[in-house]
Structures are given as structure tokens and as C-alpha cells.
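Trainee: The structure under discussion is supplied below as C-alpha cells; questions concerning it will follow.
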Amino acid sequence: MLSKQRTRDCLDRLGIATRLDAEGDLCFVLRADDNFGHDINVFIVTKDPQLMILAKPVDYTPKEDIYRFANHINGNCNYPTAIVRDGELFLTYAFTITEDVSDDYLSDDCLRPIISSIWNCAVKFFN
């Protein structure tokens with residue numbers, strides 16, 4: 001069964017320390033570096049059977065229209081998906097996990113590749 005605690009344990013195994021945000025969702029920050037100069041806030045919403053990852057670059061404004069920018073990302077990137085919500089840009093991906101899966105699968109096949117793809121998408125499209 002998918003749960004917030006199980007997801008948190010899997011993130012801990014990946015070396016990602018999380019906290020709970022005001023809504024009770026898991027969150028952490030991907031820190032800015034030389035490749036991308038903005039932090040990215042990452043939120044993980046776990047509602048069995050869904051696991052949704054939302055990411056928002058901090059203090060980032062696209063140089064072009066935000067909707068055109070999101071469409072450009074979506075036309076050139078399989079995942080994550082760029083969405084605009086309340087005038088702000090987010091990167092997102094969701095899983096529906098209806099079968100019993102191992103912690104290794106959750107960590108290595110769900111969480112790790114999406115978190116990595118969020119950072120790679122930011123480096124490729126947001127610079």
C-alpha cells in the first residue's frame with residue numbers, strides 16, 4: 001500500500017531529507033548550483049493509489065509568455081509535464097500504483113527518475 005510514511009522512507013533511502021508542508025504533503029528543495037541558478041521546491045502528494053510530484057522553481061520567471069513556455073517544454077520533453085496554475089509554472093508527474101510494489105521499485109523506478117528529470121528539465125529549458 002502506498003502511504004506518506006512509506007514514500008518518506010524511500011526518499012530517506014535516496015538520501016533526500018523531507019519535511020511536511022502546511023497541507024501535510026512531503027516537500028524538499030533541490031538547491032541551485034552552477035547548472036541552474038534557482039532552488040526548486042518539490043512537493044510529493046501521496047493519496048493511495050496516486051503519487052504526484054509537483055516542482056516549482058523559486059523566483060523564476062520565463063522570458064516568454066508562461067503558457068508558450070510550458071507548451072515548449074511539453075512539446076520537447078516526455079516528462080515531467082509543465083503546467084501553469086494560478087499564473088505560476090510547475091513541473092509535475094503522477095503515478096497510479098494499483099499493485100503491491102517493492103520499496104526498491106518505488107525508490108528506483110518512480111521517485112529517483114522523476115526527481116532527476118525535474119532537475120534536468122530545469123537545466124535544459126529554464127536557462
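Chain labels run A, B, ... following the order of the C-alpha cells; each chain numbers its residues from 1, and ligands are numbered from 1 in the order shown.
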Quick one: residues within 12 Å of Gly15 of chain A, only C-alpha atoms, excluding same-chain residues fewer than 6 positions away - as a compact mmCIF listing (two decimals) with C-alpha atoms, in the first residue's frame?

Mentor:
# COMPACT_ATOMS: atom_id res chain seq x y z
CA ARG A 8 9.21 9.30 3.04
CA ASP A 9 11.18 6.17 3.95
CA PHE A 28 12.15 19.23 -0.05
CA SER A 107 12.56 4.44 -4.95
CA LEU A 111 10.91 8.68 -7.31
CA ARG A 112 14.55 8.83 -8.42

Trainee: Would you mind writing down, as a PyMOL selection string, each residue of chain A that DSSP on the backbone assigns to strand (DSSP E or B)?

Mentor: chain A and resi 19-20+26-30+40-47+50-57+81-85+88-96

Trainee: Selection from above, C-alpha atoms, as a PDB file, in the first residue's frame, can you write it?

Mentor:
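File written: again30.pdb
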ATOM      1  CA  ARG A  19       9.595  17.851   5.816  1.00  0.00           C
ATOM      2  CA  LEU A  20       5.828  18.294   5.858  1.00  0.00           C
ATOM      3  CA  LEU A  26       6.145  15.852   1.815  1.00  0.00           C
ATOM      4  CA  CYS A  27       8.467  18.518   0.483  1.00  0.00           C
ATOM      5  CA  PHE A  28      12.148  19.231  -0.053  1.00  0.00           C
ATOM      6  CA  VAL A  29      14.344  21.620  -2.016  1.00  0.00           C
ATOM      7  CA  LEU A  30      16.648  20.913  -4.934  1.00  0.00           C
ATOM      8  CA  ILE A  40      13.324  24.131  -6.912  1.00  0.00           C
ATOM      9  CA  ASN A  41      10.696  23.355  -4.289  1.00  0.00           C
ATOM     10  CA  VAL A  42       9.455  19.776  -4.692  1.00  0.00           C
ATOM     11  CA  PHE A  43       6.160  18.593  -3.221  1.00  0.00           C
ATOM     12  CA  ILE A  44       5.114  14.941  -3.074  1.00  0.00           C
ATOM     13  CA  VAL A  45       1.430  14.233  -2.620  1.00  0.00           C
ATOM     14  CA  THR A  46       0.579  10.663  -1.645  1.00  0.00           C
ATOM     15  CA  LYS A  47      -3.056   9.612  -1.802  1.00  0.00           C
ATOM     16  CA  GLN A  50      -1.711   8.029  -6.540  1.00  0.00           C
ATOM     17  CA  LEU A  51       1.718   9.512  -6.057  1.00  0.00           C
ATOM     18  CA  MET A  52       2.074  13.006  -7.517  1.00  0.00           C
ATOM     19  CA  ILE A  53       5.255  15.039  -7.693  1.00  0.00           C
ATOM     20  CA  LEU A  54       4.975  18.810  -8.171  1.00  0.00           C
ATOM     21  CA  ALA A  55       8.002  21.071  -8.531  1.00  0.00           C
ATOM     22  CA  LYS A  56       8.186  24.850  -8.605  1.00  0.00           C
ATOM     23  CA  PRO A  57      11.304  26.849  -9.406  1.00  0.00           C
ATOM     24  CA  THR A  81       4.818  17.870 -17.642  1.00  0.00           C
ATOM     25  CA  ALA A  82       4.858  21.658 -17.384  1.00  0.00           C
ATOM     26  CA  ILE A  83       1.626  23.179 -16.111  1.00  0.00           C
ATOM     27  CA  VAL A  84       0.519  26.681 -15.236  1.00  0.00           C
ATOM     28  CA  ARG A  85      -1.534  27.031 -12.077  1.00  0.00           C
ATOM     29  CA  GLU A  88       2.804  30.059 -11.807  1.00  0.00           C
ATOM     30  CA  LEU A  89       4.830  27.406 -13.594  1.00  0.00           C
ATOM     31  CA  PHE A  90       5.082  23.901 -12.149  1.00  0.00           C
ATOM     32  CA  LEU A  91       6.652  20.666 -13.343  1.00  0.00           C
ATOM     33  CA  THR A  92       4.618  17.604 -12.465  1.00  0.00           C
ATOM     34  CA  TYR A  93       4.319  13.871 -12.871  1.00  0.00           C
ATOM     35  CA  ALA A  94       1.886  11.402 -11.331  1.00  0.00           C
ATOM     36  CA  PHE A  95       1.865   7.646 -10.857  1.00  0.00           C
ATOM     37  CA  THR A  96      -1.095   5.413 -10.163  1.00  0.00           C
TER      38      THR A  96
END

Trainee: Among segment 2-120 of chain A, which ones does DSSP assign to helix (DSSP H, G or I) (computed from the backbone)? Answer as an MDAnalysis selection string.

Mentor: chainID A and resid 4:13 66:76 103:120

Trainee: Give me the residues near Phe125 of chain A as a list in words, where near means some atom within 10 Å (using only C-alpha atoms) and where sequence neighbours in that chain fewer than 3 positions away do not count.

Mentor: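 Those residues are Phe36, Pro62, Phe69, Ala70, His72, Ile73, Asn76, Cys77, Asn120, Cys121 and Ala122 of chain A.
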
Trainee: Residues within 12 Å of Gly37 of chain A, please, as a PyMOL selection string. Count only C-alpha atoms; anything in the same chain fewer than 3 positions from it doesn't count.

Mentor: chain A and resi 30-34+40+57-60+119+122-123+126-127

Trainee: If I take atom CA of Met1 of chain A and atom CA of Asp103 of chain A, how far is one from the other in Å, to one decimal?

Mentor: 10.5 Å

Trainee: Kindly give the distance, in Å, that separates atom CA of Cys10 of chain A and atom CA of Asp108 of chain A, rounded to a single decimal.

Mentor: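 Answer for the atom CA of Cys10 of chain A to atom CA of Asp108 of chain A separation: 9.0 Å.
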
Trainee: Using only C-alpha atoms, which residue out of A:Ile66, A:Asn35, A:Leu2, A:Thr61 lies closest to Lys124 of chain A?

Mentor: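 Among the listed residues, the smallest separation from Lys124 of chain A belongs to A:Asn35.
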
Trainee: Would you compute the distance between atom CA of Ile118 of chain A and atom CA of Pro80 of chain A? Give it in Å to one decimal.

Mentor: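 Pair atom CA of Ile118 of chain A / atom CA of Pro80 of chain A returns 6.2 Å.
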
Trainee: Taking into account only C-alpha atoms, which residue in the set A:Ile16, A:Asp48, A:Tyr79, A:Ala22 is nearest to Lys4 of chain A?

Mentor: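 Residue with the minimum atom-to-atom distance to Lys4 of chain A: A:Asp48.
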